[in-house]
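Here is the file structure_10.txt (compact mmCIF, C-alpha atoms and all ligand atoms).
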```
# COMPACT_ATOMS: atom_id res chain seq x y z
CA MET A 1 0.00 0.00 0.00
CA LYS A 2 1.27 3.47 -0.83
CA SER A 3 1.79 5.65 2.19
CA ILE A 4 0.37 9.16 2.37
CA SER A 5 3.00 11.81 1.71
CA GLY A 6 3.70 14.43 4.37
CA LYS A 7 2.08 17.11 2.27
CA THR A 8 -1.10 15.14 1.67
CA ALA A 9 -1.32 14.23 5.33
CA GLN A 10 -1.00 17.89 6.25
CA TRP A 11 -3.68 18.86 3.74
CA ILE A 12 -5.99 16.22 5.15
CA TRP A 13 -5.32 17.47 8.65
CA VAL A 14 -6.13 21.07 7.69
CA THR A 15 -9.31 19.97 5.91
CA VAL A 16 -10.44 18.00 8.94
CA ALA A 17 -9.60 20.88 11.29
CA MET A 18 -11.59 23.29 9.12
CA ALA A 19 -14.54 20.93 9.02
CA ALA A 20 -14.40 20.60 12.80
CA ALA A 21 -14.29 24.38 13.19
CA ALA A 22 -17.24 24.78 10.82
CA PHE A 23 -19.08 22.11 12.78
CA ALA A 24 -18.37 23.88 16.09
CA ALA A 25 -19.50 27.23 14.64
CA GLY A 26 -22.74 25.64 13.49
CA GLN A 27 -23.47 24.26 16.92
CA GLY A 28 -25.96 25.87 19.28
CA GLY A 29 -29.20 27.01 17.68
CA ASP A 30 -28.67 25.57 14.20
CA GLU A 31 -27.47 22.30 15.51
CA ALA A 32 -30.41 21.96 17.92
CA ALA A 33 -32.90 22.82 15.18
CA ARG A 34 -31.31 20.24 12.91
CA GLY A 35 -31.41 17.61 15.64
CA GLU A 36 -35.06 18.28 16.23
CA ARG A 37 -35.82 18.06 12.52
CA ILE A 38 -34.04 14.70 12.29
CA MET A 39 -36.03 13.44 15.27
CA ASN A 40 -39.32 14.61 13.78
CA ASN A 41 -38.52 12.94 10.46
CA SER A 42 -36.98 9.72 11.74
CA CYS A 43 -38.46 8.96 15.14
CA LEU A 44 -42.18 9.63 15.05
CA GLY A 45 -43.27 7.20 12.35
CA CYS A 46 -43.89 4.21 14.62
CA HIS A 47 -44.61 5.84 17.96
CA ASP A 48 -45.14 9.31 19.38
CA LEU A 49 -42.71 11.24 21.58
CA ARG A 50 -43.72 9.56 24.84
CA PRO A 51 -41.17 6.72 24.80
CA ILE A 52 -38.46 9.30 24.07
CA GLN A 53 -39.63 11.74 26.74
CA THR A 54 -39.63 9.09 29.44
CA GLN A 55 -35.98 8.06 28.99
CA ALA A 56 -33.02 9.96 30.36
CA PHE A 57 -29.88 8.98 28.47
CA ASP A 58 -26.56 10.65 27.72
CA ALA A 59 -25.34 10.91 24.10
CA GLU A 60 -23.80 7.45 24.25
CA GLY A 61 -27.00 5.92 25.59
CA TRP A 62 -29.02 7.70 22.92
CA THR A 63 -26.65 6.50 20.20
CA MET A 64 -27.24 2.92 21.35
CA LYS A 65 -30.97 3.44 21.49
CA VAL A 66 -31.09 5.03 18.03
CA ASN A 67 -29.06 2.12 16.66
CA ALA A 68 -31.61 -0.26 18.19
CA MET A 69 -34.35 1.73 16.43
CA ILE A 70 -32.44 1.57 13.14
CA GLU A 71 -32.52 -2.21 13.52
CA LYS A 72 -36.28 -1.97 13.87
CA GLY A 73 -36.48 0.06 10.65
CA ALA A 74 -35.86 3.71 11.59
CA GLN A 75 -33.91 5.64 8.95
CA VAL A 76 -31.08 7.80 10.24
CA SER A 77 -28.01 8.50 8.12
CA THR A 78 -24.53 8.04 9.60
CA ASP A 79 -23.98 11.81 9.35
CA ASP A 80 -27.19 12.59 11.18
CA LEU A 81 -26.71 10.10 14.00
CA PRO A 82 -24.34 12.21 16.21
CA ILE A 83 -26.44 15.34 15.68
CA LEU A 84 -29.56 13.45 16.68
CA ALA A 85 -27.86 11.81 19.68
CA ASN A 86 -26.60 15.20 20.92
CA PHE A 87 -30.01 16.76 20.51
CA LEU A 88 -31.67 13.88 22.36
CA ALA A 89 -29.10 14.04 25.16
CA ARG A 90 -29.69 17.78 25.53
CA SER A 91 -33.47 17.57 25.57
CA TYR A 92 -33.94 14.14 27.14
CA GLY A 93 -30.68 13.82 29.00
CA PRO A 94 -29.55 11.88 32.03
CA LEU A 95 -31.07 12.55 35.45
CA PRO A 96 -29.68 11.81 38.88
CA GLU A 97 -30.94 8.54 40.33
CA GLY A 98 -33.50 8.73 43.10
CA ALA A 99 -37.15 8.15 43.87
CA GLY A 100 -38.16 11.32 42.05
CA LYS A 101 -36.64 10.35 38.72
CA ALA A 102 -39.51 8.16 37.57
CA VAL A 103 -42.10 10.68 38.76
CA LEU A 104 -40.31 13.46 36.92
CA LEU A 105 -40.10 11.47 33.70
CA ASN A 106 -43.69 10.26 33.87
CA ARG A 107 -45.41 13.41 35.08
CA CYS A 108 -43.28 16.38 34.08
CA THR A 109 -42.34 15.74 30.45
CA VAL A 110 -45.84 15.87 29.00
CA CYS A 111 -45.95 19.61 28.28
CA HIS A 112 -42.29 20.59 28.07
CA ASP A 113 -38.89 18.94 28.09
CA LEU A 114 -36.48 18.75 31.01
CA GLN A 115 -34.52 21.85 30.00
CA ARG A 116 -37.23 23.95 31.66
CA ILE A 117 -36.47 22.17 34.89
CA ARG A 118 -32.68 22.24 34.57
CA ARG A 119 -32.75 25.99 33.93
CA HIS A 120 -34.76 26.64 37.05
CA PRO A 121 -32.77 25.74 40.16
CA SER A 122 -34.52 26.45 43.42
CA ASP A 123 -34.75 25.45 47.07
CA ALA A 124 -37.53 23.25 48.52
CA GLU A 125 -39.88 26.19 49.01
CA GLY A 126 -39.29 27.40 45.47
CA TRP A 127 -39.97 23.95 44.07
CA GLU A 128 -43.18 23.67 46.09
CA ASP A 129 -44.34 26.92 44.50
CA THR A 130 -43.37 25.75 41.02
CA LEU A 131 -45.10 22.40 41.47
CA SER A 132 -48.25 24.15 42.69
CA THR A 133 -48.12 26.31 39.55
CA MET A 134 -47.73 23.14 37.46
CA LEU A 135 -50.77 21.58 39.15
CA ASN A 136 -52.70 24.67 38.09
CA GLU A 137 -51.37 24.24 34.55
CA GLY A 138 -52.81 20.74 34.56
CA ALA A 139 -49.97 18.51 35.77
CA MET A 140 -51.13 15.41 37.64
CA LEU A 141 -49.40 14.57 40.90
CA THR A 142 -50.61 12.62 43.92
CA ASP A 143 -49.73 14.11 47.33
CA GLN A 144 -47.09 11.43 47.70
CA GLU A 145 -45.54 12.20 44.30
CA PHE A 146 -45.57 15.91 45.14
CA ALA A 147 -43.53 15.27 48.30
CA ILE A 148 -41.11 12.91 46.52
CA LEU A 149 -40.55 15.46 43.77
CA VAL A 150 -39.95 18.42 46.08
CA ASN A 151 -37.34 16.32 47.82
CA TYR A 152 -35.70 15.13 44.61
CA LEU A 153 -35.74 18.50 42.85
CA SER A 154 -34.46 20.52 45.79
CA ARG A 155 -31.65 18.04 46.29
CA ASN A 156 -30.60 17.81 42.64
CA PHE A 157 -31.70 21.11 41.09
CA ARG A 158 -30.94 23.95 43.40
C1 LIG B 201 -39.71 1.36 12.48
C2 LIG B 201 -40.43 1.75 13.65
C3 LIG B 201 -39.72 2.66 14.66
C4 LIG B 201 -39.10 3.86 14.42
C5 LIG B 201 -38.99 4.59 13.09
C6 LIG B 201 -38.58 4.31 15.69
N1 LIG B 201 -38.92 3.44 16.67
FE1 LIG B 201 -38.55 3.64 18.66
N2 LIG B 201 -39.61 1.97 19.06
C7 LIG B 201 -40.18 1.14 18.11
C8 LIG B 201 -40.84 0.03 18.77
C9 LIG B 201 -41.58 -1.10 18.09
C10 LIG B 201 -40.66 0.24 20.16
C11 LIG B 201 -41.19 -0.61 21.31
C12 LIG B 201 -40.08 -1.18 22.10
C13 LIG B 201 -39.79 -2.62 21.79
O1 LIG B 201 -40.72 -3.36 21.51
O2 LIG B 201 -38.58 -2.96 21.86
C14 LIG B 201 -39.90 1.47 20.30
C15 LIG B 201 -39.53 2.01 21.52
C16 LIG B 201 -38.71 3.12 21.67
C17 LIG B 201 -38.23 3.62 22.93
C18 LIG B 201 -38.58 3.08 24.31
C19 LIG B 201 -37.50 2.29 24.90
C20 LIG B 201 -37.51 0.91 24.43
O3 LIG B 201 -36.48 0.45 23.93
O4 LIG B 201 -38.55 0.24 24.56
C21 LIG B 201 -37.42 4.68 22.66
C22 LIG B 201 -36.65 5.52 23.65
C23 LIG B 201 -37.43 4.86 21.22
N3 LIG B 201 -38.25 3.90 20.66
C24 LIG B 201 -36.75 5.85 20.57
C25 LIG B 201 -36.77 6.04 19.20
C26 LIG B 201 -36.00 7.06 18.52
C27 LIG B 201 -35.07 8.06 19.18
C28 LIG B 201 -36.29 6.94 17.19
C29 LIG B 201 -35.70 7.74 16.05
C30 LIG B 201 -34.33 7.46 15.74
C31 LIG B 201 -37.26 5.85 17.06
N4 LIG B 201 -37.50 5.34 18.29
C32 LIG B 201 -37.82 5.45 15.85
C33 LIG B 201 -40.16 1.33 16.74
C34 LIG B 201 -39.62 2.41 16.09
C1 LIG B 202 -50.07 20.28 31.76
C2 LIG B 202 -48.83 20.83 31.28
C3 LIG B 202 -47.62 20.84 32.20
C4 LIG B 202 -47.13 19.79 32.95
C5 LIG B 202 -47.64 18.38 33.04
C6 LIG B 202 -45.97 20.32 33.63
N1 LIG B 202 -45.76 21.61 33.28
FE1 LIG B 202 -44.17 22.77 33.87
N2 LIG B 202 -44.88 24.29 32.70
C7 LIG B 202 -46.06 24.27 31.97
C8 LIG B 202 -46.24 25.57 31.35
C9 LIG B 202 -47.41 25.94 30.46
C10 LIG B 202 -45.15 26.35 31.74
C11 LIG B 202 -44.87 27.79 31.38
C12 LIG B 202 -45.51 28.63 32.45
C13 LIG B 202 -45.09 30.04 32.34
O1 LIG B 202 -44.21 30.35 31.55
O2 LIG B 202 -45.68 30.82 33.07
C14 LIG B 202 -44.29 25.51 32.58
C15 LIG B 202 -43.09 25.94 33.14
C16 LIG B 202 -42.31 25.19 33.99
C17 LIG B 202 -41.11 25.64 34.64
C18 LIG B 202 -40.49 27.01 34.46
C19 LIG B 202 -41.15 27.94 35.43
C20 LIG B 202 -40.62 29.32 35.33
O3 LIG B 202 -40.99 30.11 36.21
O4 LIG B 202 -39.89 29.63 34.39
C21 LIG B 202 -40.67 24.65 35.44
C22 LIG B 202 -39.44 24.65 36.31
C23 LIG B 202 -41.60 23.56 35.30
N3 LIG B 202 -42.59 23.90 34.41
C24 LIG B 202 -41.50 22.37 35.98
C25 LIG B 202 -42.41 21.33 35.88
C26 LIG B 202 -42.36 20.12 36.68
C27 LIG B 202 -41.31 19.81 37.73
C28 LIG B 202 -43.42 19.35 36.28
C29 LIG B 202 -43.85 18.00 36.82
C30 LIG B 202 -44.56 18.05 38.06
C31 LIG B 202 -44.11 20.08 35.22
N4 LIG B 202 -43.49 21.26 35.01
C32 LIG B 202 -45.22 19.58 34.54
C33 LIG B 202 -46.90 23.20 31.82
C34 LIG B 202 -46.75 21.97 32.41
```
Translate this file's structure into structure tokens.
Ligand code: HEC
Ligand code: HEC
Amino acid sequence: MKSISGKTAQWIWVTVAMAAAAFAAGQGGDEAARGERIMNNSCLGCHDLRPIQTQAFDAEGWTMKVNAMIEKGAQVSTDDLPILANFLARSYGPLPEGAGKAVLLNRCTVCHDLQRIRRHPSDAEGWEDTLSTMLNEGAMLTDQEFAILVNYLSRNFR
């Protein structure tokens, strides 16, 4: 096999570095919008958002899950996969373990994603107020779930 000359290798390196820089510059808003578009096109043909909203994976976990979906028939190109996985991890990302995790995923992801919650650190009193507001908005929580959530949120998001 012919080896790559120094010059070619350097050219390849520069090209890759430029592509990485362009990729980084495109991140943020564009990147999130693209991730959401890929999800809408590729992930909602067989089921709605609920199974996605009730998971909490990091990018690696989402990559594995998307690959499992591709085996079931979902269509995601190799280029789109990391963008989708990053979007999913940002919107439906990992949560600390604890009794409140399941309640949060089941009850609090119906109307908005978890970013709302991550952006809103508070103490126990603040979370009680927020949860009362959510009950008024139409969230469904038993008294027991309310108490579990206040505990979980004020410990992990404050
Ligand atoms: C071809 C049909 C199909 C498409 C398209 C599809 N899924 Fe699924 N998905 C399923 C089925 C069927 C299940 C039910 C779980 C099972 O039976 O293993 C499921 C379940 C899930 C679950 C629940 C966890 C689990 O494994 O049970 C998640 C999360 C999920 N899908 C994410 C996605 C994402 C993200 C995409 C887009 C890349 C996607 N799905 C696209 C068929 C599909
Ligand atoms: C029935 C729909 C619904 C459900 C379910 C729901 N929310 Fe909300 N949530 C809303 C709406 C609507 C807003 C925006 C309210 C506003 O901007 O005044 C919101 C906003 C928020 C905010 C931001 C508040 C702020 O002041 O910026 C937080 C935090 C929040 N929700 C947490 C939760 C938690 C925790 C749960 C689970 C118990 C939950 N939500 C369930 C509808 C819902």
For this session: Show me which residues sit within 8 Å of ligand LIG 201 (chain B) when counting only C-alpha atoms and all ligand atoms, and put them as a list in words.
Result: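 I would give the residues around ligand LIG 201 (chain B) as Met39, Ser42, Cys43, Leu44, Gly45, Cys46, His47, Pro51, Ile52, Gln53, Thr54, Gln55, Trp62, Lys65, Val66, Asn67, Ala68, Met69, Ile70, Lys72, Gly73, Ala74, Gln75, Val76, Leu84 and Leu88 of chain A.
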Grab the residues selected above and save them as a PDB file, in the frame of the given file with C-alpha atoms.
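Output contents, as saved in result_32.pdb:
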```
ATOM      1  CA  MET A  39     -36.030  13.440  15.270  1.00  0.00           C
ATOM      2  CA  SER A  42     -36.980   9.720  11.740  1.00  0.00           C
ATOM      3  CA  CYS A  43     -38.460   8.960  15.140  1.00  0.00           C
ATOM      4  CA  LEU A  44     -42.180   9.630  15.050  1.00  0.00           C
ATOM      5  CA  GLY A  45     -43.270   7.200  12.350  1.00  0.00           C
ATOM      6  CA  CYS A  46     -43.890   4.210  14.620  1.00  0.00           C
ATOM      7  CA  HIS A  47     -44.610   5.840  17.960  1.00  0.00           C
ATOM      8  CA  PRO A  51     -41.170   6.720  24.800  1.00  0.00           C
ATOM      9  CA  ILE A  52     -38.460   9.300  24.070  1.00  0.00           C
ATOM     10  CA  GLN A  53     -39.630  11.740  26.740  1.00  0.00           C
ATOM     11  CA  THR A  54     -39.630   9.090  29.440  1.00  0.00           C
ATOM     12  CA  GLN A  55     -35.980   8.060  28.990  1.00  0.00           C
ATOM     13  CA  TRP A  62     -29.020   7.700  22.920  1.00  0.00           C
ATOM     14  CA  LYS A  65     -30.970   3.440  21.490  1.00  0.00           C
ATOM     15  CA  VAL A  66     -31.090   5.030  18.030  1.00  0.00           C
ATOM     16  CA  ASN A  67     -29.060   2.120  16.660  1.00  0.00           C
ATOM     17  CA  ALA A  68     -31.610  -0.260  18.190  1.00  0.00           C
ATOM     18  CA  MET A  69     -34.350   1.730  16.430  1.00  0.00           C
ATOM     19  CA  ILE A  70     -32.440   1.570  13.140  1.00  0.00           C
ATOM     20  CA  LYS A  72     -36.280  -1.970  13.870  1.00  0.00           C
ATOM     21  CA  GLY A  73     -36.480   0.060  10.650  1.00  0.00           C
ATOM     22  CA  ALA A  74     -35.860   3.710  11.590  1.00  0.00           C
ATOM     23  CA  GLN A  75     -33.910   5.640   8.950  1.00  0.00           C
ATOM     24  CA  VAL A  76     -31.080   7.800  10.240  1.00  0.00           C
ATOM     25  CA  LEU A  84     -29.560  13.450  16.680  1.00  0.00           C
ATOM     26  CA  LEU A  88     -31.670  13.880  22.360  1.00  0.00           C
TER      27      LEU A  88
END
```
Could you give me the axis-aligned bounding box of ligand LIG 202 (chain B), with 6 Å of padding per side, as centre plus edge lengths in Å to one decimal, as JSON?
```
{"center_x": -44.8, "center_y": 24.4, "center_z": 34.3, "size_x": 22.6, "size_y": 24.8, "size_z": 19.6}
```
For this session: Residues within 12 Å of ligand LIG 202 (chain B), counting all atoms listed in the file: report them as an MDAnalysis selection string.
Result: chainID A and resid 100:124 126:154 156:158
Problem set entry | Counting all atoms listed in the file, the residue of A:Arg155, A:Asp30, A:Ala59, A:Glu97 that sits nearest A:Ala85 | A:Ala59
For this session: Work out how far atom CA of A:Arg90 is from atom CA of A:Glu71, in Å to one decimal.
Result: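 Separation between atom CA of A:Glu71 and atom CA of A:Arg90: 23.5 Å.
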For this session: Please indicate the distance in Å from atom CA of A:Asp48 to atom CA of A:Gly98, rounded to one decimal place.
Result: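 Distance between the two atoms: 26.4 Å.
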Exercise. What is the distance, in Å and to one decimal place, between atom CA of A:Leu95 and atom CA of A:Phe57?
Worked result: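 Atom CA of A:Leu95 sits 7.9 Å away from atom CA of A:Phe57.
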Problem set entry | Residue among A:Pro82, A:Met64, A:Phe87, A:Arg50 lying closest to A:Arg37, counting all atoms listed in the file | A:Phe87
Exercise. Restricting the calculation to only C-alpha atoms, which member of A:Thr63, A:Ser77, A:Ala33, A:Tyr92 is positioned closest to A:Leu49?
Worked result: A:Tyr92
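Of the residues under consideration (A:Asp79, A:Glu31, A:Asp58, A:Glu36), A:Asp58 shows the shortest atom-to-atom contact distance to A:Pro96 when counting all atoms listed in the file.
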